[in-house]
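Student: Have a peek at final_38.pdb (PDB, C-alpha atoms and all ligand atoms).
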MODEL        1
ATOM      1  CA  MET A   1     140.254 -49.947 -21.337  1.00  0.00           C
ATOM      2  CA  ARG A   2     136.750 -51.334 -21.055  1.00  0.00           C
ATOM      3  CA  LYS A   3     137.290 -53.406 -24.206  1.00  0.00           C
ATOM      4  CA  GLN A   4     140.499 -54.788 -22.769  1.00  0.00           C
ATOM      5  CA  ALA A   5     138.754 -55.834 -19.558  1.00  0.00           C
ATOM      6  CA  ILE A   6     136.050 -57.618 -21.530  1.00  0.00           C
ATOM      7  CA  PHE A   7     138.698 -59.357 -23.591  1.00  0.00           C
ATOM      8  CA  VAL A   8     140.441 -60.613 -20.445  1.00  0.00           C
ATOM      9  CA  VAL A   9     137.185 -61.926 -18.991  1.00  0.00           C
ATOM     10  CA  VAL A  10     136.330 -63.724 -22.230  1.00  0.00           C
ATOM     11  CA  ALA A  11     139.836 -65.179 -22.467  1.00  0.00           C
ATOM     12  CA  VAL A  12     139.660 -66.521 -18.903  1.00  0.00           C
ATOM     13  CA  MET A  13     136.218 -67.989 -19.530  1.00  0.00           C
ATOM     14  CA  ALA A  14     137.525 -69.699 -22.662  1.00  0.00           C
ATOM     15  CA  LEU A  15     140.407 -71.207 -20.686  1.00  0.00           C
ATOM     16  CA  VAL A  16     138.110 -72.497 -17.942  1.00  0.00           C
ATOM     17  CA  TRP A  17     135.669 -73.834 -20.523  1.00  0.00           C
ATOM     18  CA  GLY A  18     138.498 -75.550 -22.382  1.00  0.00           C
ATOM     19  CA  ALA A  19     139.734 -77.209 -19.201  1.00  0.00           C
ATOM     20  CA  ALA A  20     136.221 -78.403 -18.362  1.00  0.00           C
ATOM     21  CA  ALA A  21     135.701 -79.716 -21.880  1.00  0.00           C
ATOM     22  CA  SER A  22     138.986 -81.596 -21.958  1.00  0.00           C
ATOM     23  CA  ALA A  23     138.154 -83.227 -18.622  1.00  0.00           C
ATOM     24  CA  GLN A  24     134.949 -84.538 -20.144  1.00  0.00           C
ATOM     25  CA  VAL A  25     135.881 -88.035 -21.299  1.00  0.00           C
ATOM     26  CA  GLY A  26     132.602 -89.844 -20.719  1.00  0.00           C
ATOM     27  CA  GLY A  27     130.391 -90.901 -23.567  1.00  0.00           C
ATOM     28  CA  THR A  28     129.375 -93.751 -25.755  1.00  0.00           C
ATOM     29  CA  ALA A  29     131.280 -95.523 -28.493  1.00  0.00           C
ATOM     30  CA  ALA A  30     130.059 -97.820 -31.203  1.00  0.00           C
ATOM     31  CA  THR A  31     130.836 -99.411 -34.520  1.00  0.00           C
ATOM     32  CA  ARG A  32     129.500-101.901 -37.024  1.00  0.00           C
ATOM     33  CA  LEU A  33     131.960-104.616 -37.942  1.00  0.00           C
ATOM     34  CA  ARG A  34     132.095-105.868 -41.517  1.00  0.00           C
ATOM     35  CA  ALA A  35     134.537-107.678 -43.747  1.00  0.00           C
ATOM     36  CA  PHE A  36     134.879-104.748 -46.172  1.00  0.00           C
ATOM     37  CA  ASP A  37     136.577-102.725 -43.436  1.00  0.00           C
ATOM     38  CA  GLU A  38     139.467-105.160 -43.133  1.00  0.00           C
ATOM     39  CA  VAL A  39     142.815-104.026 -44.561  1.00  0.00           C
ATOM     40  CA  PRO A  40     142.917-105.250 -47.267  1.00  0.00           C
ATOM     41  CA  ALA A  41     139.150-105.669 -47.674  1.00  0.00           C
ATOM     42  CA  ILE A  42     137.639-109.132 -47.379  1.00  0.00           C
ATOM     43  CA  SER A  43     134.550-110.357 -49.194  1.00  0.00           C
ATOM     44  CA  ALA A  44     132.553-112.274 -46.599  1.00  0.00           C
ATOM     45  CA  PRO A  45     129.058-111.986 -45.161  1.00  0.00           C
ATOM     46  CA  GLY A  46     129.953-111.709 -41.476  1.00  0.00           C
ATOM     47  CA  ALA A  47     128.885-108.716 -39.457  1.00  0.00           C
ATOM     48  CA  GLY A  48     128.963-107.492 -35.906  1.00  0.00           C
ATOM     49  CA  HIS A  49     128.206-104.656 -33.579  1.00  0.00           C
ATOM     50  CA  PHE A  50     130.289-103.124 -30.814  1.00  0.00           C
ATOM     51  CA  SER A  51     128.905-100.648 -28.317  1.00  0.00           C
ATOM     52  CA  ALA A  52     130.471 -99.197 -25.209  1.00  0.00           C
ATOM     53  CA  THR A  53     129.914 -96.746 -22.396  1.00  0.00           C
ATOM     54  CA  ILE A  54     132.896 -94.762 -21.155  1.00  0.00           C
ATOM     55  CA  ALA A  55     132.794 -93.613 -17.534  1.00  0.00           C
ATOM     56  CA  ASP A  56     132.898 -89.838 -17.002  1.00  0.00           C
ATOM     57  CA  ASP A  57     136.101 -90.158 -14.991  1.00  0.00           C
ATOM     58  CA  GLY A  58     137.765 -92.185 -17.751  1.00  0.00           C
ATOM     59  CA  SER A  59     138.361 -95.179 -15.467  1.00  0.00           C
ATOM     60  CA  ALA A  60     136.369 -97.819 -17.326  1.00  0.00           C
ATOM     61  CA  ILE A  61     134.874 -98.873 -20.643  1.00  0.00           C
ATOM     62  CA  GLU A  62     131.827-101.147 -20.446  1.00  0.00           C
ATOM     63  CA  TYR A  63     131.349-102.881 -23.768  1.00  0.00           C
ATOM     64  CA  HIS A  64     129.156-105.312 -25.636  1.00  0.00           C
ATOM     65  CA  LEU A  65     130.232-107.135 -28.803  1.00  0.00           C
ATOM     66  CA  SER A  66     128.022-109.313 -30.988  1.00  0.00           C
ATOM     67  CA  TYR A  67     128.668-110.991 -34.328  1.00  0.00           C
ATOM     68  CA  PHE A  68     126.951-113.314 -36.787  1.00  0.00           C
ATOM     69  CA  ASN A  69     127.435-115.029 -40.167  1.00  0.00           C
ATOM     70  CA  VAL A  70     131.165-115.261 -39.545  1.00  0.00           C
ATOM     71  CA  GLU A  71     132.636-117.861 -41.902  1.00  0.00           C
ATOM     72  CA  GLY A  72     135.738-118.980 -40.031  1.00  0.00           C
ATOM     73  CA  VAL A  73     136.028-120.394 -36.532  1.00  0.00           C
ATOM     74  CA  VAL A  74     136.183-117.403 -34.185  1.00  0.00           C
ATOM     75  CA  ALA A  75     139.667-117.119 -32.705  1.00  0.00           C
ATOM     76  CA  GLN A  76     140.051-113.766 -30.936  1.00  0.00           C
ATOM     77  CA  SER A  77     138.909-110.168 -30.866  1.00  0.00           C
ATOM     78  CA  HIS A  78     140.661-106.955 -29.867  1.00  0.00           C
ATOM     79  CA  ILE A  79     140.580-103.202 -29.831  1.00  0.00           C
ATOM     80  CA  HIS A  80     143.419-102.020 -32.054  1.00  0.00           C
ATOM     81  CA  PHE A  81     145.105 -98.630 -32.338  1.00  0.00           C
ATOM     82  CA  ALA A  82     145.133 -97.217 -35.883  1.00  0.00           C
ATOM     83  CA  GLN A  83     143.211 -94.970 -38.202  1.00  0.00           C
ATOM     84  CA  ARG A  84     140.760 -96.296 -40.771  1.00  0.00           C
ATOM     85  CA  GLY A  85     142.464 -98.279 -43.522  1.00  0.00           C
ATOM     86  CA  VAL A  86     145.582 -99.061 -41.493  1.00  0.00           C
ATOM     87  CA  ASN A  87     146.450-102.094 -39.364  1.00  0.00           C
ATOM     88  CA  GLY A  88     147.691-101.198 -35.880  1.00  0.00           C
ATOM     89  CA  GLY A  89     148.710-102.892 -32.656  1.00  0.00           C
ATOM     90  CA  ILE A  90     146.460-104.603 -30.108  1.00  0.00           C
ATOM     91  CA  THR A  91     145.652-102.397 -27.116  1.00  0.00           C
ATOM     92  CA  VAL A  92     142.924-104.487 -25.456  1.00  0.00           C
ATOM     93  CA  PHE A  93     141.845-108.142 -25.701  1.00  0.00           C
ATOM     94  CA  LEU A  94     138.054-108.504 -25.823  1.00  0.00           C
ATOM     95  CA  CYS A  95     138.179-112.321 -26.031  1.00  0.00           C
ATOM     96  CA  SER A  96     140.413-115.134 -27.199  1.00  0.00           C
ATOM     97  CA  ASN A  97     140.324-118.887 -27.693  1.00  0.00           C
ATOM     98  CA  LEU A  98     144.062-119.071 -28.365  1.00  0.00           C
ATOM     99  CA  GLY A  99     145.329-118.726 -24.804  1.00  0.00           C
ATOM    100  CA  ASN A 100     147.330-115.664 -25.851  1.00  0.00           C
ATOM    101  CA  GLY A 101     145.489-112.984 -23.882  1.00  0.00           C
ATOM    102  CA  PRO A 102     146.241-111.540 -20.453  1.00  0.00           C
ATOM    103  CA  VAL A 103     145.034-113.505 -17.433  1.00  0.00           C
ATOM    104  CA  GLY A 104     141.257-113.270 -17.187  1.00  0.00           C
ATOM    105  CA  THR A 105     140.650-112.876 -20.936  1.00  0.00           C
ATOM    106  CA  GLN A 106     137.243-114.387 -21.711  1.00  0.00           C
ATOM    107  CA  ALA A 107     136.630-116.985 -24.409  1.00  0.00           C
ATOM    108  CA  CYS A 108     135.060-115.993 -27.749  1.00  0.00           C
ATOM    109  CA  PRO A 109     131.793-117.840 -28.425  1.00  0.00           C
ATOM    110  CA  THR A 110     131.227-119.374 -31.845  1.00  0.00           C
ATOM    111  CA  SER A 111     129.260-117.320 -34.369  1.00  0.00           C
ATOM    112  CA  PRO A 112     126.605-116.122 -33.798  1.00  0.00           C
ATOM    113  CA  GLY A 113     127.861-114.950 -30.461  1.00  0.00           C
ATOM    114  CA  GLU A 114     128.045-112.075 -28.051  1.00  0.00           C
ATOM    115  CA  ILE A 115     130.220-111.033 -25.161  1.00  0.00           C
ATOM    116  CA  SER A 116     130.351-108.153 -22.759  1.00  0.00           C
ATOM    117  CA  GLY A 117     132.893-106.909 -20.297  1.00  0.00           C
ATOM    118  CA  THR A 118     134.582-103.975 -18.633  1.00  0.00           C
ATOM    119  CA  ILE A 119     137.980-102.589 -19.551  1.00  0.00           C
ATOM    120  CA  HIS A 120     140.162-100.947 -16.912  1.00  0.00           C
ATOM    121  CA  ALA A 121     143.650 -99.476 -17.105  1.00  0.00           C
ATOM    122  CA  GLY A 122     145.183-102.821 -16.151  1.00  0.00           C
ATOM    123  CA  ASP A 123     143.751-104.348 -19.330  1.00  0.00           C
ATOM    124  CA  VAL A 124     145.595-101.987 -21.680  1.00  0.00           C
ATOM    125  CA  LEU A 125     148.554-103.576 -23.430  1.00  0.00           C
ATOM    126  CA  ALA A 126     151.601-101.643 -24.539  1.00  0.00           C
ATOM    127  CA  VAL A 127     151.956-100.897 -28.224  1.00  0.00           C
ATOM    128  CA  ASN A 128     155.484 -99.620 -27.909  1.00  0.00           C
ATOM    129  CA  SER A 129     156.065 -98.994 -31.592  1.00  0.00           C
ATOM    130  CA  GLN A 130     153.006 -96.689 -31.594  1.00  0.00           C
ATOM    131  CA  GLY A 131     153.666 -94.927 -28.292  1.00  0.00           C
ATOM    132  CA  ILE A 132     151.056 -96.569 -26.058  1.00  0.00           C
ATOM    133  CA  GLY A 133     152.355 -97.771 -22.701  1.00  0.00           C
ATOM    134  CA  ALA A 134     150.896-100.652 -20.683  1.00  0.00           C
ATOM    135  CA  GLY A 135     148.000 -99.484 -18.530  1.00  0.00           C
ATOM    136  CA  GLU A 136     147.490 -96.235 -20.427  1.00  0.00           C
ATOM    137  CA  LEU A 137     143.710 -96.295 -20.648  1.00  0.00           C
ATOM    138  CA  PHE A 138     143.748 -92.507 -21.065  1.00  0.00           C
ATOM    139  CA  SER A 139     145.770 -92.970 -24.281  1.00  0.00           C
ATOM    140  CA  VAL A 140     143.250 -95.499 -25.603  1.00  0.00           C
ATOM    141  CA  LEU A 141     140.376 -93.156 -24.718  1.00  0.00           C
ATOM    142  CA  ARG A 142     142.087 -90.215 -26.370  1.00  0.00           C
ATOM    143  CA  ALA A 143     142.559 -92.301 -29.514  1.00  0.00           C
ATOM    144  CA  MET A 144     138.964 -93.518 -29.306  1.00  0.00           C
ATOM    145  CA  ARG A 145     137.653 -89.942 -29.106  1.00  0.00           C
ATOM    146  CA  ALA A 146     139.707 -89.105 -32.186  1.00  0.00           C
ATOM    147  CA  GLY A 147     138.415 -92.119 -34.143  1.00  0.00           C
ATOM    148  CA  ILE A 148     141.788 -93.884 -34.097  1.00  0.00           C
ATOM    149  CA  THR A 149     140.697 -97.223 -32.623  1.00  0.00           C
ATOM    150  CA  TYR A 150     138.929-100.171 -34.210  1.00  0.00           C
ATOM    151  CA  VAL A 151     137.482-103.522 -33.207  1.00  0.00           C
ATOM    152  CA  ASN A 152     138.718-106.570 -35.103  1.00  0.00           C
ATOM    153  CA  LEU A 153     137.400-110.138 -34.965  1.00  0.00           C
ATOM    154  CA  HIS A 154     139.879-112.786 -36.093  1.00  0.00           C
ATOM    155  CA  THR A 155     138.993-116.288 -37.307  1.00  0.00           C
ATOM    156  CA  ASP A 156     140.947-119.344 -38.397  1.00  0.00           C
ATOM    157  CA  GLN A 157     140.004-118.575 -41.977  1.00  0.00           C
ATOM    158  CA  PHE A 158     141.086-114.925 -41.743  1.00  0.00           C
ATOM    159  CA  PRO A 159     143.738-114.782 -38.999  1.00  0.00           C
ATOM    160  CA  SER A 160     144.464-111.077 -39.503  1.00  0.00           C
ATOM    161  CA  GLY A 161     140.769-110.308 -39.110  1.00  0.00           C
ATOM    162  CA  GLU A 162     137.469-111.271 -40.730  1.00  0.00           C
ATOM    163  CA  ILE A 163     135.266-108.350 -39.657  1.00  0.00           C
ATOM    164  CA  ARG A 164     136.359-104.938 -38.477  1.00  0.00           C
ATOM    165  CA  GLY A 165     134.868-101.599 -37.515  1.00  0.00           C
ATOM    166  CA  GLN A 166     136.346 -98.189 -36.737  1.00  0.00           C
ATOM    167  CA  ILE A 167     135.021 -96.981 -33.374  1.00  0.00           C
ATOM    168  CA  VAL A 168     133.011 -93.757 -33.347  1.00  0.00           C
ATOM    169  CA  PHE A 169     132.875 -91.854 -30.055  1.00  0.00           C
ATOM    170  CA  THR A 170     129.974 -89.655 -28.973  1.00  0.00           C
ATOM    171  CA  PRO A 171     130.664 -87.489 -25.900  1.00  0.00           C
ATOM    172  CA  ASN A 172     128.094 -87.126 -23.154  1.00  0.00           C
ATOM    173  CA  PRO A 173     126.526 -83.680 -23.144  1.00  0.00           C
ATOM    174  CA  ILE A 174     128.398 -81.339 -20.820  1.00  0.00           C
ATOM    175  CA  ILE A 175     126.100 -80.951 -17.835  1.00  0.00           C
ATOM    176  CA  GLY A 176     125.923 -77.686 -15.963  1.00  0.00           C
ATOM    177  CA  SER A 177     128.192 -74.770 -16.707  1.00  0.00           C
ATOM    178  CA  ILE A 178     131.405 -73.162 -15.553  1.00  0.00           C
ATOM    179  CA  GLY A 179     131.811 -73.716 -11.841  1.00  0.00           C
ATOM    180  CA  ALA A 180     129.574 -76.769 -11.801  1.00  0.00           C
ATOM    181  CA  GLU A 181     132.486 -79.176 -12.271  1.00  0.00           C
ATOM    182  CA  GLU A 182     133.319 -81.325  -9.285  1.00  0.00           C
TER
HETATM  183 CU    CU B   1     142.920-108.119 -33.250  1.00  0.00          CU
ENDMDL
END
For the structure just supplied, provide its representation as structure tokens.
Ligand SMILES: [Cu+2]
Tutor:
Amino acid sequence: MRKQAIFVVVAVMALVWGAAASAQVGGTAATRLRAFDEVPAISAPGAGHFSATIADDGSAIEYHLSYFNVEGVVAQSHIHFAQRGVNGGITVFLCSNLGNGPVGTQACPTSPGEISGTIHAGDVLAVNSQGIGAGELFSVLRAMRAGITYVNLHTDQFPSGEIRGQIVFTPNPIIGSIGAEE
């Protein structure tokens, strides 16, 4: 009987803990961009760095992207949805010089260059063939936490991408304990 009661208490605690953990979406995300990570790989000297902070409530991604030694004329950059080694759809425009992004898309500076910005739900594009709906920032964040998003920088010389990096997510430490959640 006593053992059973302990089991129930532990099970309930695990459930509460699990709920708290799954609500924890805040953290940081980063990647190095390089030509070798393109699919197929490209031999070019360009490199870049992407870093981002994801709000604890999952409502925004603040990012910074820099790049240098890019050979082609910078055309556009996006966050894509796919695992390493696979080319996937565009979920978010980071910048574009082609006039093909959503209203408000910033221009990409020539290399070396850097941009920063904030992504909200309204910036998420549908990738219907891969199950992401327009505005589904939570889907992008879920993919980002799982390592299934990448940043790609496209140039005129390499239109499908010249440098690329798979995004690695690091969650914020869970502050407080059970019952401390808002
Ligand atoms: Cu792209």
Student: Which residues would end up in the selection if the PyMOL selection byres (((chain A and resi 108) around 7) and not hetatm) were applied here, given that I need the answer as JSON, numbers by chain?
Tutor: {"A": [74, 75, 76, 95, 96, 97, 106, 107, 109, 110]}
Student: Which protein, DNA or RNA residues have an atom within 8 Å of ligand CU 1 (chain B), counting all atoms listed in the file, as a list in words?
Tutor: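 Checked against 8 Å with all atoms listed in the file; the hits are Gln76, Ser77, His78, Ile79, His80, Gly89, Ile90, Phe93, Val151, Asn152, Leu153, His154, Ser160 and Gly161 of chain A.
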Student: Assuming the chain letters and numbering stay as they are in my file, what does the PyMOL selection byres (((chain A and resi 164) around 7) and not hetatm) actually select? List them as number ranges by chain.
Tutor: A: 33-35, 37-38, 150-153, 161-163, 165-166
Student: Atom CA of Phe50 of chain A and atom CA of Val25 of chain A are how many Å apart?
Tutor: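 Rounded to one decimal, the two atoms are 18.7 Å apart.
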Student: Convert the output of the PyMOL selection byres (((chain A and resi 157) around 8) and not hetatm) on the shown file into explicit residues, formatted as a list in words.
Tutor: Glu71, Gly72, Val73, Thr155, Asp156, Phe158, Pro159 and Glu162 of chain A
Student: What does the distance from atom CA of Val70 of chain A to atom CA of Val86 of chain A come to in Å, to one decimal?
Tutor: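 Computing it gives 21.8 Å between the two atoms.
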Student: Quick check, in Å to one decimal: how far apart do atom CA of His64 of chain A and atom CA of Thr118 of chain A lie?
Tutor: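 Answer for the atom CA of His64 of chain A to atom CA of Thr118 of chain A separation: 9.0 Å.
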Student: I'd like to know which of A:Gly46, A:Gly133, A:Gly147, A:Gly26 is closest to Ala121 of chain A, using all atoms listed in the file.
Tutor: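 The closest residue to Ala121 of chain A is A:Gly133.
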Student: Scan for residues within 10 Å of the point (137.3, -100.1, -19.8) in the coordinates of the file, using all atoms listed in the file, and reply as a PDB file with C-alpha atoms, in the frame of the given file.
Tutor:
ATOM      1  CA  ALA A  52     130.471 -99.197 -25.209  1.00  0.00           C
ATOM      2  CA  THR A  53     129.914 -96.746 -22.396  1.00  0.00           C
ATOM      3  CA  ILE A  54     132.896 -94.762 -21.155  1.00  0.00           C
ATOM      4  CA  ALA A  55     132.794 -93.613 -17.534  1.00  0.00           C
ATOM      5  CA  GLY A  58     137.765 -92.185 -17.751  1.00  0.00           C
ATOM      6  CA  SER A  59     138.361 -95.179 -15.467  1.00  0.00           C
ATOM      7  CA  ALA A  60     136.369 -97.819 -17.326  1.00  0.00           C
ATOM      8  CA  ILE A  61     134.874 -98.873 -20.643  1.00  0.00           C
ATOM      9  CA  GLU A  62     131.827-101.147 -20.446  1.00  0.00           C
ATOM     10  CA  TYR A  63     131.349-102.881 -23.768  1.00  0.00           C
ATOM     11  CA  VAL A  92     142.924-104.487 -25.456  1.00  0.00           C
ATOM     12  CA  GLY A 117     132.893-106.909 -20.297  1.00  0.00           C
ATOM     13  CA  THR A 118     134.582-103.975 -18.633  1.00  0.00           C
ATOM     14  CA  ILE A 119     137.980-102.589 -19.551  1.00  0.00           C
ATOM     15  CA  HIS A 120     140.162-100.947 -16.912  1.00  0.00           C
ATOM     16  CA  ALA A 121     143.650 -99.476 -17.105  1.00  0.00           C
ATOM     17  CA  GLY A 122     145.183-102.821 -16.151  1.00  0.00           C
ATOM     18  CA  ASP A 123     143.751-104.348 -19.330  1.00  0.00           C
ATOM     19  CA  VAL A 124     145.595-101.987 -21.680  1.00  0.00           C
ATOM     20  CA  LEU A 137     143.710 -96.295 -20.648  1.00  0.00           C
ATOM     21  CA  VAL A 140     143.250 -95.499 -25.603  1.00  0.00           C
ATOM     22  CA  LEU A 141     140.376 -93.156 -24.718  1.00  0.00           C
TER      23      LEU A 141
END
Student: Would you please work out which residue, of A:Gly27, A:Gly101, A:Gly88, A:Pro45, is nearest to Asn128 of chain A when using only C-alpha atoms?
Tutor: A:Gly88
Student: Excluding same-chain residues fewer than 5 positions from Thr170 of chain A, what lies within 8 Å of it counting only C-alpha atoms, as a list in words?
Tutor: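 Surrounding residues, per the criterion: Gly27, Thr28, Ala29 and Arg145 of chain A.
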Student: Filtering to C-alpha atoms, could segment 90-179 of chain A of the supplied structure be written out as a PDB file, in the first residue's frame?
Tutor:
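Result file result.pdb:
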ATOM      1  CA  ILE A  90      11.872  28.143 -46.580  1.00  0.00           C
ATOM      2  CA  THR A  91      10.121  28.924 -43.295  1.00  0.00           C
ATOM      3  CA  VAL A  92      11.503  32.415 -42.609  1.00  0.00           C
ATOM      4  CA  PHE A  93      13.188  35.084 -44.759  1.00  0.00           C
ATOM      5  CA  LEU A  94      16.155  36.682 -42.980  1.00  0.00           C
ATOM      6  CA  CYS A  95      16.955  39.026 -45.895  1.00  0.00           C
ATOM      7  CA  SER A  96      16.601  39.286 -49.646  1.00  0.00           C
ATOM      8  CA  ASN A  97      17.730  41.483 -52.516  1.00  0.00           C
ATOM      9  CA  LEU A  98      15.419  39.753 -54.990  1.00  0.00           C
ATOM     10  CA  GLY A  99      12.133  41.348 -53.957  1.00  0.00           C
ATOM     11  CA  ASN A 100      10.707  37.886 -53.283  1.00  0.00           C
ATOM     12  CA  GLY A 101      10.283  38.084 -49.511  1.00  0.00           C
ATOM     13  CA  PRO A 102       7.245  39.061 -47.456  1.00  0.00           C
ATOM     14  CA  VAL A 103       6.603  42.772 -46.953  1.00  0.00           C
ATOM     15  CA  GLY A 104       9.205  44.208 -44.597  1.00  0.00           C
ATOM     16  CA  THR A 105      11.973  41.752 -45.539  1.00  0.00           C
ATOM     17  CA  GLN A 106      15.301  43.542 -45.073  1.00  0.00           C
ATOM     18  CA  ALA A 107      17.998  43.749 -47.736  1.00  0.00           C
ATOM     19  CA  CYS A 108      21.101  41.528 -47.543  1.00  0.00           C
ATOM     20  CA  PRO A 109      24.328  43.551 -47.358  1.00  0.00           C
ATOM     21  CA  THR A 110      27.239  42.569 -49.577  1.00  0.00           C
ATOM     22  CA  SER A 111      29.905  40.322 -48.058  1.00  0.00           C
ATOM     23  CA  PRO A 112      31.274  40.906 -45.490  1.00  0.00           C
ATOM     24  CA  GLY A 113      27.975  41.812 -43.947  1.00  0.00           C
ATOM     25  CA  GLU A 114      25.726  41.398 -40.967  1.00  0.00           C
ATOM     26  CA  ILE A 115      22.056  41.754 -40.211  1.00  0.00           C
ATOM     27  CA  SER A 116      19.851  41.352 -37.201  1.00  0.00           C
ATOM     28  CA  GLY A 117      16.141  41.158 -36.680  1.00  0.00           C
ATOM     29  CA  THR A 118      13.238  39.652 -34.798  1.00  0.00           C
ATOM     30  CA  ILE A 119      11.025  36.853 -36.053  1.00  0.00           C
ATOM     31  CA  HIS A 120       7.390  36.646 -34.972  1.00  0.00           C
ATOM     32  CA  ALA A 121       4.629  34.225 -35.912  1.00  0.00           C
ATOM     33  CA  GLY A 122       3.547  36.474 -38.779  1.00  0.00           C
ATOM     34  CA  ASP A 123       6.946  35.972 -40.416  1.00  0.00           C
ATOM     35  CA  VAL A 124       6.608  32.190 -40.704  1.00  0.00           C
ATOM     36  CA  LEU A 125       5.844  30.989 -44.214  1.00  0.00           C
ATOM     37  CA  ALA A 126       3.904  27.837 -44.959  1.00  0.00           C
ATOM     38  CA  VAL A 127       5.847  24.825 -46.149  1.00  0.00           C
ATOM     39  CA  ASN A 128       2.771  22.846 -47.041  1.00  0.00           C
ATOM     40  CA  SER A 129       4.568  19.830 -48.443  1.00  0.00           C
ATOM     41  CA  GLN A 130       6.383  19.463 -45.089  1.00  0.00           C
ATOM     42  CA  GLY A 131       3.432  20.182 -42.806  1.00  0.00           C
ATOM     43  CA  ILE A 132       4.270  23.704 -41.624  1.00  0.00           C
ATOM     44  CA  GLY A 133       1.398  26.178 -41.811  1.00  0.00           C
ATOM     45  CA  ALA A 134       1.767  29.943 -42.249  1.00  0.00           C
ATOM     46  CA  GLY A 135       2.310  31.660 -38.911  1.00  0.00           C
ATOM     47  CA  GLU A 136       3.255  28.476 -37.071  1.00  0.00           C
ATOM     48  CA  LEU A 137       6.216  29.806 -35.121  1.00  0.00           C
ATOM     49  CA  PHE A 138       5.700  27.015 -32.577  1.00  0.00           C
ATOM     50  CA  SER A 139       6.345  24.475 -35.366  1.00  0.00           C
ATOM     51  CA  VAL A 140       9.567  26.249 -36.354  1.00  0.00           C
ATOM     52  CA  LEU A 141      10.669  26.360 -32.707  1.00  0.00           C
ATOM     53  CA  ARG A 142       9.869  22.697 -32.213  1.00  0.00           C
ATOM     54  CA  ALA A 143      11.943  21.864 -35.290  1.00  0.00           C
ATOM     55  CA  MET A 144      14.722  24.167 -34.099  1.00  0.00           C
ATOM     56  CA  ARG A 145      14.857  22.427 -30.708  1.00  0.00           C
ATOM     57  CA  ALA A 146      15.133  19.103 -32.518  1.00  0.00           C
ATOM     58  CA  GLY A 147      17.943  20.321 -34.798  1.00  0.00           C
ATOM     59  CA  ILE A 148      15.759  20.241 -37.916  1.00  0.00           C
ATOM     60  CA  THR A 149      16.292  23.817 -39.114  1.00  0.00           C
ATOM     61  CA  TYR A 150      19.206  25.412 -40.930  1.00  0.00           C
ATOM     62  CA  VAL A 151      20.307  28.826 -42.136  1.00  0.00           C
ATOM     63  CA  ASN A 152      21.207  29.148 -45.810  1.00  0.00           C
ATOM     64  CA  LEU A 153      22.809  32.098 -47.605  1.00  0.00           C
ATOM     65  CA  HIS A 154      22.215  32.181 -51.356  1.00  0.00           C
ATOM     66  CA  THR A 155      24.346  34.049 -53.904  1.00  0.00           C
ATOM     67  CA  ASP A 156      24.198  34.626 -57.644  1.00  0.00           C
ATOM     68  CA  GLN A 157      27.034  32.159 -58.059  1.00  0.00           C
ATOM     69  CA  PHE A 158      25.354  29.485 -55.920  1.00  0.00           C
ATOM     70  CA  PRO A 159      21.602  30.160 -56.137  1.00  0.00           C
ATOM     71  CA  SER A 160      20.647  27.106 -54.069  1.00  0.00           C
ATOM     72  CA  GLY A 161      22.988  28.252 -51.312  1.00  0.00           C
ATOM     73  CA  GLU A 162      26.667  29.093 -50.862  1.00  0.00           C
ATOM     74  CA  ILE A 163      27.037  28.689 -47.088  1.00  0.00           C
ATOM     75  CA  ARG A 164      24.791  26.780 -44.734  1.00  0.00           C
ATOM     76  CA  GLY A 165      24.620  25.759 -41.097  1.00  0.00           C
ATOM     77  CA  GLN A 166      22.346  23.444 -39.125  1.00  0.00           C
ATOM     78  CA  ILE A 167      20.941  25.323 -36.121  1.00  0.00           C
ATOM     79  CA  VAL A 168      21.775  23.968 -32.670  1.00  0.00           C
ATOM     80  CA  PHE A 169      19.394  24.890 -29.849  1.00  0.00           C
ATOM     81  CA  THR A 170      20.420  25.235 -26.209  1.00  0.00           C
ATOM     82  CA  PRO A 171      17.513  25.527 -23.745  1.00  0.00           C
ATOM     83  CA  ASN A 172      17.594  28.037 -20.922  1.00  0.00           C
ATOM     84  CA  PRO A 173      18.067  26.357 -17.563  1.00  0.00           C
ATOM     85  CA  ILE A 174      14.726  25.602 -15.935  1.00  0.00           C
ATOM     86  CA  ILE A 175      14.448  28.147 -13.145  1.00  0.00           C
ATOM     87  CA  GLY A 176      12.734  27.265  -9.909  1.00  0.00           C
ATOM     88  CA  SER A 177      10.943  23.994  -9.362  1.00  0.00           C
ATOM     89  CA  ILE A 178       7.498  22.458  -9.491  1.00  0.00           C
ATOM     90  CA  GLY A 179       4.934  25.071  -8.572  1.00  0.00           C
TER      91      GLY A 179
END
